[in-house]
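Asks: File final04.txt follows (compact mmCIF, N, CA and C atoms):
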# COMPACT_ATOMS: atom_id res chain seq x y z
N MET Q 65 -26.40 -9.73 -2.72
CA MET Q 65 -26.94 -8.40 -2.60
C MET Q 65 -25.79 -7.46 -2.27
N SER Q 66 -25.68 -6.36 -3.01
CA SER Q 66 -24.57 -5.44 -2.77
C SER Q 66 -24.97 -4.38 -1.75
N GLN Q 67 -23.96 -3.89 -1.07
CA GLN Q 67 -24.16 -2.82 -0.12
C GLN Q 67 -23.64 -1.53 -0.75
N LEU Q 68 -24.24 -0.41 -0.40
CA LEU Q 68 -23.77 0.86 -0.90
C LEU Q 68 -22.91 1.52 0.16
N PHE Q 69 -21.75 2.00 -0.25
CA PHE Q 69 -20.85 2.68 0.65
C PHE Q 69 -20.71 4.12 0.21
N SER Q 70 -20.41 4.99 1.17
CA SER Q 70 -20.16 6.39 0.83
C SER Q 70 -18.83 6.49 0.09
N GLU Q 71 -18.63 7.62 -0.56
CA GLU Q 71 -17.37 7.87 -1.25
C GLU Q 71 -16.20 7.82 -0.27
N GLU Q 72 -16.40 8.36 0.92
CA GLU Q 72 -15.35 8.35 1.94
C GLU Q 72 -15.00 6.91 2.35
N THR Q 73 -16.00 6.09 2.56
CA THR Q 73 -15.76 4.69 2.92
C THR Q 73 -15.02 3.97 1.80
N HIS Q 74 -15.42 4.24 0.56
CA HIS Q 74 -14.76 3.62 -0.59
C HIS Q 74 -13.28 4.02 -0.63
N ARG Q 75 -12.99 5.30 -0.46
CA ARG Q 75 -11.61 5.79 -0.48
C ARG Q 75 -10.79 5.19 0.67
N ASN Q 76 -11.39 5.08 1.85
CA ASN Q 76 -10.70 4.47 2.98
C ASN Q 76 -10.37 3.01 2.71
N MET Q 77 -11.31 2.30 2.11
CA MET Q 77 -11.09 0.90 1.77
C MET Q 77 -9.96 0.78 0.76
N LEU Q 78 -9.97 1.62 -0.27
CA LEU Q 78 -8.91 1.59 -1.27
C LEU Q 78 -7.54 1.86 -0.66
N SER Q 79 -7.48 2.79 0.28
CA SER Q 79 -6.20 3.14 0.88
C SER Q 79 -5.61 1.98 1.68
N ARG Q 80 -6.44 1.07 2.17
CA ARG Q 80 -5.96 -0.07 2.96
C ARG Q 80 -5.59 -1.29 2.11
N ILE Q 81 -6.07 -1.34 0.89
CA ILE Q 81 -5.85 -2.52 0.05
C ILE Q 81 -4.36 -2.81 -0.18
N PRO Q 82 -3.52 -1.83 -0.52
CA PRO Q 82 -2.09 -2.17 -0.72
C PRO Q 82 -1.44 -2.79 0.51
N HIS Q 83 -1.76 -2.30 1.67
CA HIS Q 83 -1.19 -2.85 2.90
C HIS Q 83 -1.69 -4.28 3.14
N CYS Q 84 -2.95 -4.51 2.89
CA CYS Q 84 -3.55 -5.83 3.16
C CYS Q 84 -3.20 -6.87 2.12
N THR Q 85 -3.00 -6.45 0.87
CA THR Q 85 -2.80 -7.41 -0.21
C THR Q 85 -1.36 -7.45 -0.74
N GLY Q 86 -0.59 -6.40 -0.45
CA GLY Q 86 0.77 -6.33 -0.98
C GLY Q 86 0.83 -5.87 -2.43
N ARG Q 87 -0.30 -5.45 -2.97
CA ARG Q 87 -0.36 -4.97 -4.36
C ARG Q 87 -1.04 -3.62 -4.41
N GLU Q 88 -0.55 -2.75 -5.28
CA GLU Q 88 -1.13 -1.42 -5.46
C GLU Q 88 -2.46 -1.51 -6.20
N ILE Q 89 -3.27 -0.49 -6.04
CA ILE Q 89 -4.58 -0.44 -6.72
C ILE Q 89 -4.40 -0.53 -8.23
N SER Q 90 -3.40 0.13 -8.78
CA SER Q 90 -3.18 0.08 -10.23
C SER Q 90 -2.95 -1.35 -10.71
N GLU Q 91 -2.27 -2.16 -9.90
CA GLU Q 91 -2.07 -3.56 -10.25
C GLU Q 91 -3.39 -4.33 -10.24
N TRP Q 92 -4.23 -4.05 -9.24
CA TRP Q 92 -5.53 -4.71 -9.17
C TRP Q 92 -6.42 -4.29 -10.33
N LEU Q 93 -6.37 -3.02 -10.71
CA LEU Q 93 -7.18 -2.57 -11.86
C LEU Q 93 -6.74 -3.28 -13.13
N ARG Q 94 -5.43 -3.44 -13.29
CA ARG Q 94 -4.90 -4.16 -14.45
C ARG Q 94 -5.32 -5.63 -14.41
N THR Q 95 -5.33 -6.22 -13.22
CA THR Q 95 -5.76 -7.61 -13.06
C THR Q 95 -7.20 -7.79 -13.51
N VAL Q 96 -8.07 -6.89 -13.10
CA VAL Q 96 -9.48 -6.96 -13.50
C VAL Q 96 -9.60 -6.75 -15.00
N GLU Q 97 -8.86 -5.77 -15.53
CA GLU Q 97 -8.91 -5.47 -16.96
C GLU Q 97 -8.47 -6.66 -17.80
N GLU Q 98 -7.44 -7.36 -17.35
CA GLU Q 98 -6.89 -8.48 -18.10
C GLU Q 98 -7.54 -9.81 -17.75
N GLY Q 99 -8.44 -9.80 -16.78
CA GLY Q 99 -9.11 -11.02 -16.34
C GLY Q 99 -10.18 -11.47 -17.32
N PRO Q 100 -10.96 -12.44 -16.92
CA PRO Q 100 -12.01 -12.96 -17.81
C PRO Q 100 -13.04 -11.89 -18.13
N ALA Q 101 -13.65 -12.01 -19.28
CA ALA Q 101 -14.64 -11.03 -19.75
C ALA Q 101 -15.98 -11.27 -19.04
N LEU Q 102 -16.04 -10.84 -17.81
CA LEU Q 102 -17.26 -10.94 -17.03
C LEU Q 102 -17.99 -9.61 -17.11
N PHE Q 103 -19.31 -9.65 -17.19
CA PHE Q 103 -20.07 -8.41 -17.37
C PHE Q 103 -20.69 -7.90 -16.08
N ARG Q 104 -21.13 -8.80 -15.24
CA ARG Q 104 -21.84 -8.39 -14.03
C ARG Q 104 -20.87 -8.08 -12.89
N PHE Q 105 -21.22 -7.07 -12.12
CA PHE Q 105 -20.41 -6.62 -10.99
C PHE Q 105 -20.13 -7.78 -10.04
N ASP Q 106 -21.17 -8.50 -9.66
CA ASP Q 106 -21.00 -9.58 -8.68
C ASP Q 106 -20.17 -10.74 -9.23
N GLU Q 107 -20.19 -10.95 -10.54
CA GLU Q 107 -19.33 -11.99 -11.13
C GLU Q 107 -17.85 -11.60 -10.99
N LYS Q 108 -17.56 -10.33 -11.22
CA LYS Q 108 -16.18 -9.86 -11.09
C LYS Q 108 -15.71 -9.95 -9.64
N VAL Q 109 -16.58 -9.58 -8.71
CA VAL Q 109 -16.25 -9.67 -7.29
C VAL Q 109 -15.98 -11.13 -6.92
N SER Q 110 -16.84 -12.03 -7.34
CA SER Q 110 -16.66 -13.46 -7.04
C SER Q 110 -15.37 -14.00 -7.65
N TRP Q 111 -15.06 -13.59 -8.86
CA TRP Q 111 -13.83 -14.02 -9.51
C TRP Q 111 -12.61 -13.56 -8.72
N LEU Q 112 -12.58 -12.29 -8.33
CA LEU Q 112 -11.45 -11.78 -7.54
C LEU Q 112 -11.31 -12.53 -6.22
N ARG Q 113 -12.44 -12.77 -5.58
CA ARG Q 113 -12.41 -13.48 -4.29
C ARG Q 113 -11.86 -14.90 -4.46
N GLY Q 114 -12.35 -15.60 -5.46
CA GLY Q 114 -11.93 -16.98 -5.66
C GLY Q 114 -10.53 -17.13 -6.22
N GLU Q 115 -10.20 -16.32 -7.20
CA GLU Q 115 -8.92 -16.43 -7.88
C GLU Q 115 -7.76 -15.82 -7.07
N HIS Q 116 -8.06 -14.74 -6.33
CA HIS Q 116 -6.99 -14.01 -5.64
C HIS Q 116 -7.16 -13.97 -4.13
N ASN Q 117 -8.14 -14.72 -3.63
CA ASN Q 117 -8.34 -14.85 -2.18
C ASN Q 117 -8.52 -13.51 -1.47
N LEU Q 118 -9.28 -12.61 -2.08
CA LEU Q 118 -9.56 -11.30 -1.49
C LEU Q 118 -10.80 -11.37 -0.63
N SER Q 119 -10.89 -10.46 0.33
CA SER Q 119 -12.12 -10.35 1.10
C SER Q 119 -13.20 -9.74 0.21
N TYR Q 120 -14.44 -9.92 0.62
CA TYR Q 120 -15.55 -9.36 -0.14
C TYR Q 120 -15.42 -7.85 -0.27
N GLY Q 121 -15.11 -7.17 0.82
CA GLY Q 121 -15.01 -5.70 0.80
C GLY Q 121 -13.92 -5.21 -0.12
N HIS Q 122 -12.76 -5.85 -0.08
CA HIS Q 122 -11.67 -5.43 -0.96
C HIS Q 122 -12.01 -5.70 -2.42
N ALA Q 123 -12.55 -6.87 -2.71
CA ALA Q 123 -12.91 -7.19 -4.09
C ALA Q 123 -13.97 -6.22 -4.61
N LYS Q 124 -14.94 -5.91 -3.79
CA LYS Q 124 -16.00 -5.00 -4.20
C LYS Q 124 -15.44 -3.59 -4.47
N ALA Q 125 -14.54 -3.13 -3.62
CA ALA Q 125 -13.94 -1.81 -3.80
C ALA Q 125 -13.11 -1.77 -5.09
N ILE Q 126 -12.37 -2.84 -5.37
CA ILE Q 126 -11.56 -2.88 -6.58
C ILE Q 126 -12.44 -2.88 -7.82
N VAL Q 127 -13.49 -3.67 -7.83
CA VAL Q 127 -14.38 -3.72 -9.00
C VAL Q 127 -15.09 -2.38 -9.19
N HIS Q 128 -15.51 -1.76 -8.10
CA HIS Q 128 -16.14 -0.44 -8.20
C HIS Q 128 -15.15 0.58 -8.78
N GLU Q 129 -13.93 0.58 -8.27
CA GLU Q 129 -12.91 1.50 -8.76
C GLU Q 129 -12.60 1.23 -10.23
N HIS Q 130 -12.59 -0.03 -10.62
CA HIS Q 130 -12.36 -0.38 -12.02
C HIS Q 130 -13.45 0.21 -12.91
N GLY Q 131 -14.69 0.14 -12.45
CA GLY Q 131 -15.79 0.73 -13.21
C GLY Q 131 -15.63 2.24 -13.36
N LEU Q 132 -15.22 2.91 -12.30
CA LEU Q 132 -14.98 4.36 -12.36
C LEU Q 132 -13.83 4.67 -13.31
N TRP Q 133 -12.78 3.88 -13.24
CA TRP Q 133 -11.61 4.05 -14.09
C TRP Q 133 -11.97 3.89 -15.57
N ARG Q 134 -12.76 2.86 -15.86
CA ARG Q 134 -13.17 2.63 -17.26
C ARG Q 134 -14.06 3.76 -17.78
N ALA Q 135 -14.96 4.23 -16.92
CA ALA Q 135 -15.84 5.33 -17.34
C ALA Q 135 -15.05 6.59 -17.62
N ALA Q 136 -14.03 6.85 -16.81
CA ALA Q 136 -13.19 8.04 -17.00
C ALA Q 136 -12.37 7.94 -18.29
N ARG Q 137 -11.97 6.73 -18.64
CA ARG Q 137 -11.16 6.54 -19.87
C ARG Q 137 -11.98 6.83 -21.12
N LYS Q 138 -13.28 6.68 -21.06
CA LYS Q 138 -14.10 6.86 -22.25
C LYS Q 138 -14.29 8.32 -22.63
N PHE Q 139 -13.94 9.21 -21.71
CA PHE Q 139 -14.11 10.65 -22.00
C PHE Q 139 -12.90 11.21 -22.61
Starting from the file, give its structure as structure tokens.

Replies:
Amino acid sequence: MSQLFSEETHRNMLSRIPHCTGREISEWLRTVEEGPALFRFDEKVSWLRGEHNLSYGHAKAIVHEHGLWRAARKF
């Protein structure tokens, strides 16, 4: 079951990811883009957690940001 976070909470989480993981958000977005062709949000979160040992919150924030990034590219 997913939790909903405010935009501010999402941005705060994103700002902490580089410090916690040693990788920039752009690198994580590329990782998701080049990863397996998973369709469901929770599948992508589980893949990031298992493959890259991320916390649930960080994986969820990255997948959410990836969705926003993809939607923006389509315009």

Asks: May I ask for the distance between atom CA of Val109 of chain Q and atom CA of His128 of chain Q, given in Å to one decimal place?

Replies: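 Computing it gives 9.3 Å between the two atoms.
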
Asks: So how far away is atom CA of His83 of chain Q from atom CA of Leu132 of chain Q, in Å?

Replies: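 Here the two named atoms are 21.8 Å from each other.
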
Asks: Give me the residues near segment 76-80 of chain Q as a list in words, where near means some atom within 8 Å (using only C-alpha atoms) and where sequence neighbours in that chain fewer than 6 positions away do not count.

Replies: Ile89, Gly121, His122, Ala125 and Ile126 of chain Q

Asks: Go through Q:Trp133, Q:Lys138, Q:Pro82, Q:Lys124 one by one, measure the shortest atom-to-atom distance of each to Phe105 of chain Q using only N, CA and C atoms, and give the residue with the smallest value.

Replies: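 Once distances to Phe105 of chain Q are computed over only N, CA and C atoms, the minimum belongs to Q:Lys124.
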
Asks: Report the distance between atom CA of Asp106 of chain Q and atom CA of Tyr120 of chain Q in Å, rounded to one decimal place.

Replies: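 Interatomic distance here is 10.1 Å.
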
Asks: Identify, on the basis of only C-alpha atoms, every residue whose closest approach to Arg134 of chain Q does not exceed 12 Å; exclude the query and any residue fewer than 4 positions from it along the same chain; express the result as a list in words.

Replies: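 Listed by chain and then number, they are Leu93, Arg94, Val96, Glu97, Val127, His128, Glu129, His130, Lys138 and Phe139 of chain Q.
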
Asks: Please give the centre and size of the box around segment 95-113 of chain Q (axis-aligned, containing every atom listed in the file, 3 Å added per side), with values in Å to one decimal and written as AutoDock Vina command-line options.

Replies:
--center_x -13.6 --center_y -10.2 --center_z -12.0 --size_x 22.5 --size_y 15.4 --size_z 21.5
